[in-house]
Structure formats: C-alpha cells, structure tokens
>>> print(open('my_file.txt').read())   # compact mmCIF, C-alpha atoms
# COMPACT_ATOMS: atom_id res chain seq x y z
CA GLU A 894 3.87 -29.89 2.53
CA GLY A 895 6.18 -32.59 3.73
CA ILE A 896 9.28 -33.52 5.68
CA GLU A 897 12.15 -35.86 4.99
CA ARG A 898 11.79 -39.27 6.63
CA GLY A 899 15.15 -40.83 5.88
CA ALA A 900 14.94 -43.64 3.32
CA GLU A 901 11.19 -43.03 2.90
CA GLY A 902 11.88 -39.62 1.41
CA PRO A 903 9.62 -36.55 1.74
CA THR A 904 6.25 -37.25 3.36
CA GLY A 905 3.22 -34.95 3.37
CA LEU A 906 1.82 -34.41 6.85
CA THR A 907 -1.57 -33.09 5.68
CA PRO A 908 -3.64 -33.12 2.48
CA TYR A 909 -4.11 -29.96 0.41
CA MET A 910 -4.68 -27.13 2.89
CA ARG A 911 -6.57 -24.50 0.89
CA THR A 912 -10.04 -25.93 1.45
CA ASP A 913 -13.01 -25.47 3.77
CA SER A 914 -14.43 -28.92 3.04
CA THR A 915 -15.47 -31.09 6.00
CA ARG A 916 -15.47 -34.34 4.01
CA ILE A 917 -13.29 -37.08 5.53
CA ALA A 918 -12.15 -40.25 3.75
CA ASP A 919 -13.58 -43.54 5.05
CA ASP A 920 -10.15 -44.98 5.86
CA ALA A 921 -9.31 -41.86 7.91
CA ILE A 922 -12.58 -42.25 9.88
CA VAL A 923 -11.71 -45.87 10.66
CA ALA A 924 -8.17 -44.92 11.75
CA VAL A 925 -9.22 -42.06 14.04
CA ARG A 926 -11.96 -44.16 15.69
CA GLU A 927 -9.41 -46.89 16.40
CA LEU A 928 -7.08 -44.29 17.95
CA ILE A 929 -9.86 -42.81 20.14
CA GLY A 930 -10.89 -46.31 21.28
CA SER A 931 -7.33 -47.19 22.27
CA ARG A 932 -6.39 -43.91 24.02
CA PHE A 933 -9.63 -42.90 25.74
CA SER A 934 -12.59 -44.39 27.58
CA PRO A 935 -15.45 -46.11 25.70
CA ALA A 936 -17.65 -43.09 26.49
CA HIS A 937 -15.33 -40.87 24.38
CA LEU A 938 -16.15 -42.86 21.21
CA PRO A 939 -19.62 -42.22 19.69
CA ALA A 940 -21.59 -45.20 18.40
CA GLU A 941 -21.44 -43.85 14.84
CA PRO A 942 -18.92 -41.52 13.14
CA ASN A 943 -19.70 -37.80 13.41
CA VAL A 944 -20.70 -36.31 10.05
CA PHE A 945 -20.55 -32.56 9.47
CA LYS A 946 -22.56 -30.71 6.87
CA THR A 947 -20.43 -29.02 4.23
CA LYS A 948 -21.65 -25.54 3.31
CA LYS A 949 -22.81 -24.95 -0.23
CA SER A 950 -19.86 -22.73 -1.19
CA ALA A 951 -17.18 -25.06 0.21
CA GLN A 952 -14.27 -26.11 -2.01
CA ASP A 953 -15.19 -29.78 -1.75
CA ALA A 954 -12.86 -31.06 -4.45
CA HIS A 955 -10.36 -31.66 -1.65
CA GLU A 956 -10.72 -33.55 1.60
CA ALA A 957 -10.87 -31.79 4.96
CA ILE A 958 -7.59 -30.62 6.49
CA ARG A 959 -6.37 -33.51 8.65
CA PRO A 960 -3.21 -35.49 9.47
CA THR A 961 -2.35 -37.97 6.73
CA MET A 962 -0.96 -40.41 9.33
CA LEU A 963 -2.43 -40.46 12.83
CA ASP A 964 0.58 -42.29 14.26
CA HIS A 965 2.46 -39.05 13.52
CA ASP A 966 1.23 -37.34 16.68
CA PRO A 967 2.50 -33.83 17.55
CA GLU A 968 5.44 -35.05 19.64
CA ARG A 969 6.65 -37.39 16.90
CA VAL A 970 6.33 -34.62 14.34
CA ARG A 971 8.26 -32.27 16.63
CA ALA A 972 11.15 -34.77 16.60
CA LEU A 973 10.92 -35.21 12.82
CA LEU A 974 10.84 -31.46 12.16
CA THR A 975 13.78 -30.89 14.49
CA GLY A 976 15.75 -33.51 12.59
CA ALA A 977 14.79 -31.99 9.23
CA GLY A 978 15.09 -28.40 10.44
CA ALA A 979 18.12 -27.28 8.44
CA GLY A 980 17.57 -23.68 7.37
CA ARG A 981 14.73 -23.08 9.86
CA ASP A 982 15.12 -21.05 13.03
CA ALA A 983 13.67 -22.11 16.39
CA ARG A 984 10.70 -19.76 16.08
CA GLU A 985 9.70 -21.18 12.67
CA LEU A 986 9.99 -24.76 13.93
CA GLU A 987 7.84 -23.94 16.96
CA ASP A 988 5.20 -22.33 14.70
CA LEU A 989 5.15 -25.43 12.48
CA VAL A 990 4.68 -27.72 15.48
CA LYS A 991 1.89 -25.50 16.86
CA LEU A 992 0.07 -25.53 13.52
CA TYR A 993 0.36 -29.31 13.16
CA THR A 994 -0.76 -29.80 16.79
CA LEU A 995 -3.86 -27.70 16.08
CA ILE A 996 -4.69 -29.80 13.00
CA TRP A 997 -4.06 -33.15 14.73
CA ASN A 998 -5.99 -32.30 17.91
CA ARG A 999 -8.96 -30.80 16.09
CA PHE A 1000 -9.25 -33.77 13.73
CA VAL A 1001 -9.22 -36.31 16.58
CA ALA A 1002 -11.69 -34.19 18.58
CA CYS A 1003 -14.16 -33.97 15.68
CA GLN A 1004 -14.80 -37.73 15.95
CA MET A 1005 -15.20 -37.82 19.74
CA SER A 1006 -18.32 -37.64 21.92
CA PRO A 1007 -19.65 -34.21 22.87
CA ALA A 1008 -18.85 -32.60 26.20
CA LEU A 1009 -21.64 -32.47 28.80
CA PHE A 1010 -22.16 -29.59 31.24
CA ASP A 1011 -24.42 -28.86 34.19
CA GLN A 1012 -25.71 -25.30 33.79
CA THR A 1013 -25.95 -23.76 37.26
CA THR A 1014 -27.41 -20.54 38.65
CA VAL A 1015 -26.76 -19.53 42.26
CA ASP A 1016 -29.05 -16.93 43.90
CA ILE A 1017 -27.51 -15.21 46.93
CA ALA A 1018 -29.34 -13.13 49.53
CA ALA A 1019 -27.09 -10.24 50.59
CA GLY A 1020 -29.03 -7.94 52.91
CA ARG A 1021 -31.32 -5.71 50.89
CA VAL A 1022 -30.04 -6.95 47.54
CA GLY A 1023 -30.03 -10.20 45.66
CA LEU A 1024 -26.98 -11.42 43.77
CA ARG A 1025 -26.86 -14.03 41.04
CA ALA A 1026 -23.97 -16.04 39.61
CA SER A 1027 -24.41 -18.21 36.52
CA GLY A 1028 -21.95 -20.74 35.25
CA GLN A 1029 -21.37 -24.35 34.36
CA VAL A 1030 -19.79 -27.49 35.75
CA VAL A 1031 -18.21 -30.05 33.41
CA ARG A 1032 -19.99 -33.40 33.86
CA PHE A 1033 -18.16 -35.23 31.04
CA PRO A 1034 -15.28 -33.59 29.10
CA GLY A 1035 -15.70 -35.56 25.86
CA PHE A 1036 -13.74 -33.98 23.00
CA LEU A 1037 -12.48 -31.25 25.37
CA ASP A 1038 -9.91 -33.79 26.59
CA VAL A 1039 -8.21 -33.19 23.22
CA TYR A 1040 -9.23 -29.80 21.87
CA ALA A 1041 -10.99 -26.61 23.00
CA GLU A 1042 -11.59 -23.52 20.90
CA ALA A 1043 -9.46 -20.52 21.76
CA GLN A 1044 -11.49 -17.44 22.62
CA ASP A 1045 -10.70 -14.02 21.16
CA GLU A 1046 -13.38 -12.39 23.25
CA THR A 1047 -14.44 -12.88 26.85
CA SER A 1048 -17.98 -14.18 27.27
CA PRO A 1049 -20.47 -12.24 29.41
CA GLU A 1050 -20.39 -15.06 31.97
CA GLU A 1051 -16.60 -14.81 32.24
CA GLU A 1052 -16.80 -11.02 32.54
CA ALA A 1053 -19.23 -11.52 35.44
CA GLY A 1054 -16.73 -13.57 37.39
CA GLY A 1055 -15.81 -16.73 35.53
CA SER A 1056 -17.75 -19.57 33.89
CA ASN A 1057 -16.76 -22.19 36.49
CA LEU A 1058 -18.61 -22.08 39.81
CA PRO A 1059 -17.46 -23.51 43.15
CA GLU A 1060 -19.45 -26.18 44.99
CA VAL A 1061 -22.19 -24.57 47.10
CA ARG A 1062 -25.20 -25.93 49.01
CA GLU A 1063 -28.68 -24.52 49.42
CA GLY A 1064 -28.89 -22.54 52.65
CA GLU A 1065 -25.11 -22.27 53.04
CA ASN A 1066 -23.77 -19.03 54.56
CA LEU A 1067 -21.22 -17.42 52.25
CA ARG A 1068 -18.34 -15.29 53.51
CA LEU A 1069 -17.90 -11.78 52.10
CA LEU A 1070 -14.36 -11.55 50.73
CA GLY A 1071 -14.56 -7.93 49.65
CA GLU A 1072 -16.51 -5.25 47.80
CA ARG A 1073 -15.68 -3.78 44.41
CA PRO A 1074 -17.83 -0.70 43.65
CA GLU A 1075 -17.51 -0.78 39.86
CA GLN A 1076 -19.79 0.70 37.25
CA HIS A 1077 -20.00 -0.98 33.85
CA PHE A 1078 -21.07 0.76 30.66
CA THR A 1079 -22.17 -0.74 27.37
CA GLN A 1080 -19.06 -1.14 25.25
CA PRO A 1081 -18.86 -0.79 21.46
CA PRO A 1082 -18.10 -3.96 19.49
CA ALA A 1083 -14.48 -5.00 19.83
CA ARG A 1084 -12.07 -4.30 16.98
CA TYR A 1085 -11.52 -7.19 14.62
CA THR A 1086 -8.65 -9.56 15.14
CA GLU A 1087 -7.36 -11.50 12.15
CA ALA A 1088 -9.38 -14.51 13.35
CA THR A 1089 -12.67 -12.64 13.85
CA LEU A 1090 -12.28 -10.83 10.53
CA VAL A 1091 -11.87 -14.15 8.68
CA LYS A 1092 -14.90 -15.51 10.56
CA THR A 1093 -16.96 -12.49 9.43
CA LEU A 1094 -15.79 -12.93 5.83
CA GLU A 1095 -16.86 -16.59 5.98
CA GLU A 1096 -20.28 -15.71 7.42
CA ASN A 1097 -20.88 -13.23 4.60
CA GLY A 1098 -19.66 -15.56 1.85
CA ILE A 1099 -16.70 -13.32 0.95
CA GLY A 1100 -13.37 -14.83 -0.02
CA ARG A 1101 -12.24 -18.43 0.09
CA PRO A 1102 -9.64 -20.34 2.14
CA SER A 1103 -7.13 -19.68 -0.64
CA THR A 1104 -7.64 -15.89 -0.41
CA TYR A 1105 -8.02 -15.14 3.33
CA ALA A 1106 -4.26 -14.96 3.94
CA SER A 1107 -3.75 -12.57 1.02
CA ILE A 1108 -6.65 -10.36 2.17
CA LEU A 1109 -5.13 -10.03 5.64
CA SER A 1110 -1.68 -9.42 4.18
CA THR A 1111 -2.86 -6.80 1.67
CA ILE A 1112 -4.76 -4.58 4.11
CA GLN A 1113 -1.74 -4.54 6.44
CA THR A 1114 1.13 -4.20 3.95
CA ARG A 1115 -0.67 -1.34 2.16
CA GLY A 1116 -1.15 0.42 5.49
CA TYR A 1117 -4.97 0.37 5.48
CA VAL A 1118 -4.98 -1.09 9.00
CA SER A 1119 -2.41 -1.41 11.77
CA ARG A 1120 -2.17 -4.41 14.10
CA GLU A 1121 -1.92 -3.54 17.77
CA SER A 1122 -2.24 -6.15 20.54
CA LYS A 1123 -3.71 -8.58 17.98
CA ARG A 1124 -6.44 -6.11 16.95
CA LEU A 1125 -6.79 -4.33 13.62
CA PHE A 1126 -7.22 -0.54 13.66
CA PRO A 1127 -7.98 1.53 10.53
CA THR A 1128 -5.25 4.00 9.60
CA GLU A 1129 -5.81 7.46 8.13
CA ILE A 1130 -5.04 6.21 4.62
CA GLY A 1131 -7.36 3.24 5.18
CA ILE A 1132 -10.25 5.51 6.15
CA ILE A 1133 -9.64 7.75 3.11
CA VAL A 1134 -9.52 4.78 0.71
CA ASN A 1135 -12.67 3.27 2.24
CA ASP A 1136 -14.61 6.56 1.99
CA LEU A 1137 -13.59 7.07 -1.64
CA LEU A 1138 -14.54 3.51 -2.62
CA VAL A 1139 -17.93 3.72 -0.92
CA LYS A 1140 -18.62 7.07 -2.59
CA GLY A 1141 -17.51 6.05 -6.07
CA PHE A 1142 -18.44 2.35 -6.17
CA SER A 1143 -21.34 1.97 -3.72
CA SER A 1144 -23.02 -0.80 -5.72
CA ILE A 1145 -19.80 -2.82 -6.02
CA VAL A 1146 -18.18 -2.24 -2.61
CA ASP A 1147 -21.08 -4.08 -1.04
CA VAL A 1148 -21.17 -7.29 1.00
CA ASN A 1149 -24.15 -8.76 -0.88
CA PHE A 1150 -22.70 -7.96 -4.31
CA THR A 1151 -19.31 -9.44 -3.41
CA SER A 1152 -20.92 -12.61 -2.05
CA PHE A 1153 -23.07 -12.92 -5.19
CA LEU A 1154 -20.03 -12.53 -7.45
CA GLU A 1155 -18.16 -15.20 -5.44
CA GLU A 1156 -21.08 -17.59 -6.08
CA GLU A 1157 -21.07 -16.74 -9.80
CA LEU A 1158 -17.33 -17.50 -10.00
CA ASP A 1159 -17.93 -20.81 -8.20
CA LYS A 1160 -20.48 -21.69 -10.88
CA VAL A 1161 -17.87 -20.85 -13.53
CA ALA A 1162 -15.41 -23.18 -11.80
CA GLU A 1163 -18.05 -25.94 -11.74
CA GLY A 1164 -18.82 -25.47 -15.45
CA GLU A 1165 -22.36 -24.20 -14.85
CA LYS A 1166 -21.73 -20.72 -16.28
CA ASP A 1167 -19.60 -19.21 -19.02
CA TRP A 1168 -16.87 -16.93 -17.65
CA ARG A 1169 -17.23 -14.47 -20.52
CA LYS A 1170 -20.86 -13.82 -19.62
CA VAL A 1171 -20.11 -13.41 -15.90
CA VAL A 1172 -17.17 -11.05 -16.47
CA GLY A 1173 -19.09 -9.14 -19.15
CA GLU A 1174 -22.07 -8.54 -16.84
CA PHE A 1175 -19.75 -7.33 -14.08
CA TYR A 1176 -17.72 -5.04 -16.35
CA SER A 1177 -20.82 -3.44 -17.90
CA GLU A 1178 -21.55 -1.97 -14.45
CA PHE A 1179 -17.97 -1.49 -13.32
CA GLU A 1180 -16.61 0.45 -16.33
CA PRO A 1181 -19.07 3.40 -16.13
CA ALA A 1182 -18.52 3.65 -12.36
CA LEU A 1183 -14.74 3.64 -12.89
CA ASN A 1184 -14.89 6.35 -15.53
CA GLN A 1185 -17.17 8.50 -13.39
CA ALA A 1186 -14.94 8.06 -10.34
CA SER A 1187 -11.83 8.96 -12.34
CA ALA A 1188 -13.48 12.17 -13.49
CA GLU A 1189 -15.24 13.26 -10.30
CA LEU A 1190 -13.48 11.90 -7.22
CA PRO A 1191 -10.85 14.21 -5.70
CA LYS A 1192 -7.20 13.25 -5.63
CA THR A 1193 -6.75 12.82 -1.91
CA LYS A 1194 -3.84 11.90 0.30
CA PRO A 1195 -3.34 12.28 4.06
CA GLU A 1196 -1.41 15.27 5.33
CA PRO A 1197 1.91 14.11 6.83
CA GLU A 1198 2.25 14.49 10.58
CA LYS A 1199 5.23 16.63 11.56
CA VAL A 1200 7.58 15.37 14.27
CA GLY A 1201 8.50 18.85 15.43
CA ARG A 1202 12.27 18.80 14.77
CA PRO A 1203 14.47 19.23 11.69
CA CYS A 1204 16.19 16.50 9.69
CA PRO A 1205 19.77 16.15 11.00
CA GLU A 1206 21.07 15.77 7.43
CA CYS A 1207 19.32 18.52 5.44
CA GLY A 1208 17.38 20.65 7.95
CA ARG A 1209 13.91 20.08 6.44
CA ASP A 1210 11.00 18.99 8.65
CA LEU A 1211 10.89 15.40 9.84
CA ILE A 1212 7.49 13.74 9.27
CA ILE A 1213 5.82 10.44 10.14
CA ARG A 1214 5.23 8.14 7.18
CA GLN A 1215 3.28 4.90 6.89
CA GLY A 1216 5.47 2.12 5.55
CA ARG A 1217 4.90 -1.52 4.75
CA PHE A 1218 5.62 -2.54 8.34
CA GLY A 1219 4.09 0.40 10.18
CA LYS A 1220 4.96 4.04 10.85
CA PHE A 1221 8.46 5.48 10.78
CA ILE A 1222 10.13 8.91 10.79
CA SER A 1223 11.38 10.27 7.47
CA CYS A 1224 12.67 13.51 6.00
CA SER A 1225 10.00 15.55 4.22
CA GLY A 1226 12.56 16.14 1.47
CA PHE A 1227 12.38 12.49 0.27
CA PRO A 1228 13.49 11.34 -2.33
CA GLY A 1229 16.11 14.11 -2.33
CA CYS A 1230 17.00 13.26 1.28
CA LYS A 1231 16.67 9.62 2.33
CA TYR A 1232 17.11 10.07 6.10
CA THR A 1233 14.87 7.77 8.18
CA GLU A 1234 14.68 6.61 11.79
CA PRO A 1235 12.37 4.24 13.65
CA ILE A 1236 9.66 5.40 16.02
CA ILE A 1237 10.68 4.19 19.47
CA GLN A 1238 7.66 3.32 21.63
CA ASN A 1239 8.60 2.85 25.27
CA ILE A 1240 6.18 0.62 27.23
CA GLY A 1241 7.43 1.72 30.65
CA ILE A 1242 8.81 -1.66 31.74
CA PRO A 1243 12.51 -2.14 32.65
CA CYS A 1244 14.49 -4.87 30.90
CA PRO A 1245 14.87 -7.90 33.24
CA ILE A 1246 18.48 -8.37 32.06
CA CYS A 1247 20.05 -4.89 32.09
CA GLY A 1248 17.36 -2.62 33.57
CA LYS A 1249 17.05 -0.31 30.54
CA ASP A 1250 13.73 0.42 28.81
CA ILE A 1251 11.78 -2.24 26.91
CA VAL A 1252 10.50 -0.84 23.58
CA VAL A 1253 8.17 -1.98 20.81
CA ARG A 1254 9.96 -3.37 17.75
CA ARG A 1255 8.96 -4.99 14.46
CA SER A 1256 10.43 -8.06 12.81
CA LYS A 1257 11.36 -8.18 9.11
CA ASN A 1258 7.87 -9.46 8.23
CA GLY A 1259 6.15 -6.72 10.27
CA ARG A 1260 5.33 -8.74 13.39
CA ILE A 1261 5.40 -6.73 16.62
CA PHE A 1262 7.69 -7.90 19.42
CA TYR A 1263 9.29 -6.34 22.50
CA GLY A 1264 13.01 -5.86 23.01
CA CYS A 1265 15.56 -3.99 25.08
CA SER A 1266 16.40 -0.45 23.96
CA ALA A 1267 20.08 -1.33 24.46
CA TYR A 1268 20.04 -3.88 21.61
CA PRO A 1269 22.43 -5.29 20.33
CA GLU A 1270 24.38 -5.02 23.62
CA CYS A 1271 21.38 -6.57 25.42
CA GLN A 1272 19.65 -9.45 23.63
CA PHE A 1273 16.35 -9.50 25.58
CA VAL A 1274 13.28 -10.05 23.34
CA SER A 1275 9.70 -11.22 23.90
CA TRP A 1276 6.90 -11.90 21.43
CA LYS A 1277 4.36 -11.26 24.22
CA LYS A 1278 3.92 -7.85 25.85
CA PRO A 1279 5.64 -7.52 29.27
CA VAL A 1280 3.55 -6.12 32.15
CA LYS A 1281 4.41 -4.28 35.37
CA THR A 1282 3.23 -7.05 37.70
CA ARG A 1283 6.05 -9.31 38.90
CA CYS A 1284 5.63 -13.06 39.31
CA PRO A 1285 4.39 -13.88 42.85
CA GLU A 1286 6.24 -17.20 42.71
CA CYS A 1287 9.74 -16.27 41.51
CA GLY A 1288 9.67 -12.49 41.05
CA GLY A 1289 10.30 -12.82 37.32
CA LEU A 1290 8.97 -10.79 34.38
CA MET A 1291 5.36 -11.50 33.45
CA VAL A 1292 3.86 -11.19 29.96
CA GLU A 1293 0.32 -10.93 28.56
CA MET A 1294 -1.16 -14.22 27.38
CA ASN A 1295 -4.56 -12.68 26.64
CA LYS A 1296 -6.98 -10.08 28.03
CA ASN A 1297 -7.56 -12.07 31.23
CA LYS A 1298 -4.31 -13.92 31.90
CA ILE A 1299 -0.61 -13.13 32.39
CA GLN A 1300 2.22 -15.64 32.65
CA CYS A 1301 5.74 -15.59 34.12
CA ALA A 1302 8.35 -15.70 31.36
CA ASP A 1303 10.61 -17.79 33.63
CA CYS A 1304 8.57 -20.26 35.71
CA LYS A 1305 5.36 -20.12 33.56
CA HIS A 1306 3.17 -19.40 36.61
CA GLU A 1307 -0.15 -17.86 35.50
CA ILE A 1308 -2.41 -15.38 37.28
CA GLU A 1309 -5.36 -13.14 36.46
CA ASN A 1310 -4.53 -10.02 34.45
CA THR A 1311 -5.59 -7.03 36.58
CA GLU A 1312 -3.70 -4.36 34.63
CA ASP A 1313 -5.47 -1.83 32.39
>>> encode(input="my_file.txt", output="structure tokens")
Amino acid sequence: EGIERGAEGPTGLTPYMRTDSTRIADDAIVAVRELIGSRFSPAHLPAEPNVFKTKKSAQDAHEAIRPTMLDHDPERVRALLTGAGAGRDARELEDLVKLYTLIWNRFVACQMSPALFDQTTVDIAAGRVGLRASGQVVRFPGFLDVYAEAQDETSPEEEAGGSNLPEVREGENLRLLGERPEQHFTQPPARYTEATLVKTLEENGIGRPSTYASILSTIQTRGYVSRESKRLFPTEIGIIVNDLLVKGFSSIVDVNFTSFLEEELDKVAEGEKDWRKVVGEFYSEFEPALNQASAELPKTKPEPEKVGRPCPECGRDLIIRQGRFGKFISCSGFPGCKYTEPIIQNIGIPCPICGKDIVVRRSKNGRIFYGCSAYPECQFVSWKKPVKTRCPECGGLMVEMNKNKIQCADCKHEIENTED
C-alpha cells in the first residue's frame, strides 16, 4: 500500500492488488523495455512488447499487478522497508520483501524473450534391456534469467531422474553407478495446496482475486481442512459439512452453478443485469431447498475423540477438540471446566542447541512452525521442518525446502531429499 520516503511522503509500491487483469499501461511498457535493454543482452528484448489475453471474467477496471516504479528494485525496497519498519518484526519485513520481489521479477520477465530448450531423449542399451532418459538442455534462458515458476508438484520427467541431462555422445560407453530395484505404483492425485486450490478455483470460474484469501482463511479457521506440510487435508467436521451440503443443496453446491452465478454477478457489476432479478431467481430455488434441508437433514456433529486420561482439575474425560488453529486437548466438561492443553507432536529430531526434542507448534495466526520442547529456556525455532540427515559440509541441522530438496540451516548447502 505504500511506504514512507522521507520528504516525499508515503509512496505506493504497486497499483491496486485485487485484480486478475493483465492490462499494462503504455508508460509502464516503455519503462520496462528500457530496463531490459540496459540490464540484459539484445536477445532478451523482443522486437515488440508482449501482449497477454485477458480472460473474459477478469476484473479489468484495474491495471495488472506491477511495480509502480521500476527503479525501486527489490534491494532498494528492502532498504526502504527496513528504514520504515517500525512496528514490524523481522519475519513480516522478510515476507513483504519476498512478495515485492515476486511482483517485480514477474513483471520484468513478462516483457522478456521466451526461453529456448533442446528437448533430448537418450536411448541406452543395457544388456537385455533398453533404458531411456528424457530431458532438456537450456539453449537460451530468456525470461528465466529473472523469473521461474515455483513448482508445487514434481513433473514426471523429474521423478524419472531429473529434467536436466548430462552431455553424452552417440556410441559412448556409460558406467553403471548402481542399481535401485524400485517398484512404482500409480499414485492418487496429490492433496491440494493453497496455490493449487486457487488455481483450480480460477480454472472453474469460481471466486475472484478479492475472495481467494477469504476462501482459504474460512475453510481453515472453521476447521473444515487442516494444513500439514503445505497440503490441505479434510477434517472430520469438514467431511460431515460437505456431505450434508451435497445432500441438501445438490443443485447449488455445484461447480457449474457457482461459476454461472459468478458470471451473473459480474453482469450486475457491469450494469448489464438488474441485481433484484438475479438475486430473486437464485432465492426462488434456494429458499425451498433451505426449508427442506432444515426439516429433513439430521443434526450431526462429530463424536469427540477421548484422550484416555482424566482432566487434572475435575476428573472428567479429556477429549480432542478442533479449534481455530488446529486440534487441542480440552476437558469434556466445558464450559463448566475450562482446562485445556496443547497437543505436543514430537518429530523425532533433537534440538541443535540443547539436544531436547523438537516439536510441532503453531503461531498466533495458526501457521505451523517447529520449536524446542524446552521453550522458553531454549529459543530454537524453524519455519521449515527439520530432518534427520545432517549437513555433509558442516554437520549442521538440515530442513525441508520442498519434496525433493533439503537445505542446511547454517551454511545453506543443499542436497537431494532422500528421506520418506
């Protein structure tokens, strides 16, 4: 929204952010092309500006999300935010810089030349069997010199041994490094992450940029899903709510109906339809379904899971409850007895500072992190999950970066993640 720039006062770093428009102002196109021409080779600058088609449902009243001033590169903004960082902690400042870096890099990259790859397939004769490795070699990096999409999922090529192939020659004898007798089975689709869920909502025309954050927040704060290792898992209450909604409102809890209603509301916003007519048509179907559901659907709630020991204050059974920020242990006599305690989940890794157990914790806003069980005596914390493997370079604690990579928390050395 803006930062203080001394005598210049507060300055907005980006335009309005709740939009999925791809429209870019002419003066911004000129500025970014000048920057690309001055910082990169002539081959990085296309002959004409890149133009991207805006989807029909886009909120095009606003310009695309971009930096308002390209001379405010990420490092300059880091310095400005640090100077204006009163009231912000280090984690918040780092998140702000990461977000701005993403916006700045992606905007510059969108006006650069495409990357070029050589697609390569290597066939290998190995006795009675034939082996094949497919991959690619970067011929010209283009926009990848500035920005590359993060991957939530590993591609089939990467699963098969990596997308980058070494240099080989036809007829060359290859040396056998080892054999791994592994059997692979077809896996079910991966659980949604927040990013892949938003992508699916976009593909189905559900929600808008202004509502995605609230959708993700609502399903988690109400306990319909839990977030574990970046993935969203349905909870018992979430499954019950979903089943009841599908049973009682099958025509409304439907992807096509929701997408259609979003389009109708867009037409209302554009002045093409009267809101009274749109709401009236919806309510004529919704009201009977609501009345029928109220009369026929059972009043259902999940049975509490017992911990197996009594409350230390009143002697009643302790049970596991689902709260706003995940599960916790509570007395079954609530609200008469308000005893609660956290659920301590030990990950089996010793603290690198004091040697005691590292456990799963949650921040005030529900974000999972990892800390020493001896807190507050020991202050060790990590936002990324520690692993058993020690750093081969310095012997330090290593943490998960993603499914395929782990990194040393001390020297930042990275290796392949071979843990389950």
>>> residues_around(input="my_file.txt", residues="stretch 1290-1305 of chain A", least_positions_apart="5", cutoff="7 Å", atoms="all atoms listed in the file", output="list in words")
Pro1245, Lys1277, Lys1278, Pro1279, Val1280, Thr1282, Arg1283, Cys1284 and Asn1310 of chain A
>>> residues_around(input="my_file.txt", residues="stretch 1035-1038 of chain A", least_positions_apart="4", cutoff="12 Å", atoms="all atoms listed in the file", output="list in words")
Ile929, Arg932, Phe933, Ser934, Pro935, Ala936, His937, Leu938, Pro939, Asn943, Asn998, Arg999, Phe1000, Val1001, Ala1002, Cys1003, Gln1004, Met1005, Ser1006, Pro1007, Ala1008, Leu1009, Phe1010, Val1031, Glu1042 and Ala1043 of chain A
>>> closest_residue(input="my_file.txt", among="A:Asn1239, A:Ser1144, A:Thr1086, A:Thr1013", to="A:Glu1121", atoms="all atoms listed in the file")
A:Thr1086
>>> residues_around(input="my_file.txt", residues="A:Ile1246", least_positions_apart="4", cutoff="9 Å", atoms="only C-alpha atoms", output="list in words")
Cys1265, Cys1271, Gln1272 and Phe1273 of chain A
>>> closest_residue(input="my_file.txt", among="A:Tyr993, A:Asp988, A:Ala983, A:Gly1023", to="A:Ile958", atoms="all atoms listed in the file")
A:Tyr993
>>> residues_around(input="my_file.txt", residues="A:Thr1104", least_positions_apart="5", cutoff="12 Å", atoms="all atoms listed in the file", output="compact mmCIF listing (two decimals) with C-alpha atoms, in the frame of the given file")
# COMPACT_ATOMS: atom_id res chain seq x y z
CA ARG A 911 -6.57 -24.50 0.89
CA THR A 912 -10.04 -25.93 1.45
CA ASP A 913 -13.01 -25.47 3.77
CA VAL A 1091 -11.87 -14.15 8.68
CA LEU A 1094 -15.79 -12.93 5.83
CA GLU A 1095 -16.86 -16.59 5.98
CA ILE A 1099 -16.70 -13.32 0.95
CA LEU A 1109 -5.13 -10.03 5.64
CA SER A 1110 -1.68 -9.42 4.18
CA THR A 1111 -2.86 -6.80 1.67
CA GLU A 1155 -18.16 -15.20 -5.44
>>> residues_around(input="my_file.txt", residues="A:Thr1193", least_positions_apart="5", cutoff="12 Å", atoms="only C-alpha atoms", output="PyMOL selection string")
chain A and resi 1129-1137
>>> atom_distance(input="my_file.txt", atom1="atom CA of A:Ala1267", atom2="atom CA of A:Gln1238")
13.6 Å
>>> closest_residue(input="my_file.txt", among="A:Ser1107, A:His955, A:Lys1192, A:Phe1153", to="A:Phe1175", atoms="all atoms listed in the file")
A:Phe1153
>>> closest_residue(input="my_file.txt", among="A:Val925, A:Gln1076, A:Gly1264, A:Ser914", to="A:Phe945", atoms="all atoms listed in the file")
A:Ser914
>>> atom_distance(input="my_file.txt", atom1="atom CA of A:Leu1069", atom2="atom CA of A:Thr1311")
20.4 Å
>>> atom_distance(input="my_file.txt", atom1="atom CA of A:Thr915", atom2="atom CA of A:Ser1152")
20.9 Å
>>> closest_residue(input="my_file.txt", among="A:Trp1168, A:Ser1275, A:Cys1230, A:Arg1214", to="A:Ile1261", atoms="only C-alpha atoms")
A:Ser1275
>>> closest_residue(input="my_file.txt", among="A:Glu1198, A:Val970, A:Arg984, A:Ala1106", to="A:Trp1276", atoms="only C-alpha atoms")
A:Arg984
>>> build_atoms(input="my_file.txt", residues="stretch 941-949 of chain A", atoms="N, CA, C and O atoms", output="CSV table (one decimal), in the coordinates of the input")
chain,number,residue,atom,x,y,z
A,941,GLU,N,-21.6,-44.0,16.3
A,941,GLU,CA,-21.4,-43.8,14.8
A,941,GLU,C,-20.5,-42.7,14.6
A,941,GLU,O,-20.4,-41.8,15.4
A,942,PRO,N,-19.8,-42.7,13.4
A,942,PRO,CA,-18.9,-41.5,13.1
A,942,PRO,C,-19.7,-40.2,13.1
A,942,PRO,O,-20.9,-40.2,12.7
A,943,ASN,N,-19.1,-39.1,13.5
A,943,ASN,CA,-19.7,-37.8,13.4
A,943,ASN,C,-19.6,-37.3,12.0
A,943,ASN,O,-18.5,-37.4,11.4
A,944,VAL,N,-20.7,-36.8,11.4
A,944,VAL,CA,-20.7,-36.3,10.0
A,944,VAL,C,-21.1,-34.8,10.1
A,944,VAL,O,-22.1,-34.5,10.8
A,945,PHE,N,-20.3,-34.0,9.4
A,945,PHE,CA,-20.6,-32.6,9.5
A,945,PHE,C,-21.0,-32.1,8.1
A,945,PHE,O,-20.4,-32.5,7.1
A,946,LYS,N,-22.0,-31.2,8.1
A,946,LYS,CA,-22.6,-30.7,6.9
A,946,LYS,C,-21.6,-29.7,6.2
A,946,LYS,O,-21.1,-28.8,6.9
A,947,THR,N,-21.3,-29.9,5.0
A,947,THR,CA,-20.4,-29.0,4.2
A,947,THR,C,-21.3,-27.9,3.6
A,947,THR,O,-22.3,-28.2,3.0
A,948,LYS,N,-20.9,-26.7,3.8
A,948,LYS,CA,-21.6,-25.5,3.3
A,948,LYS,C,-21.6,-25.5,1.8
A,948,LYS,O,-20.7,-26.1,1.2
A,949,LYS,N,-22.6,-24.9,1.2
A,949,LYS,CA,-22.8,-25.0,-0.2
A,949,LYS,C,-21.6,-24.4,-1.0
A,949,LYS,O,-21.2,-24.9,-2.1
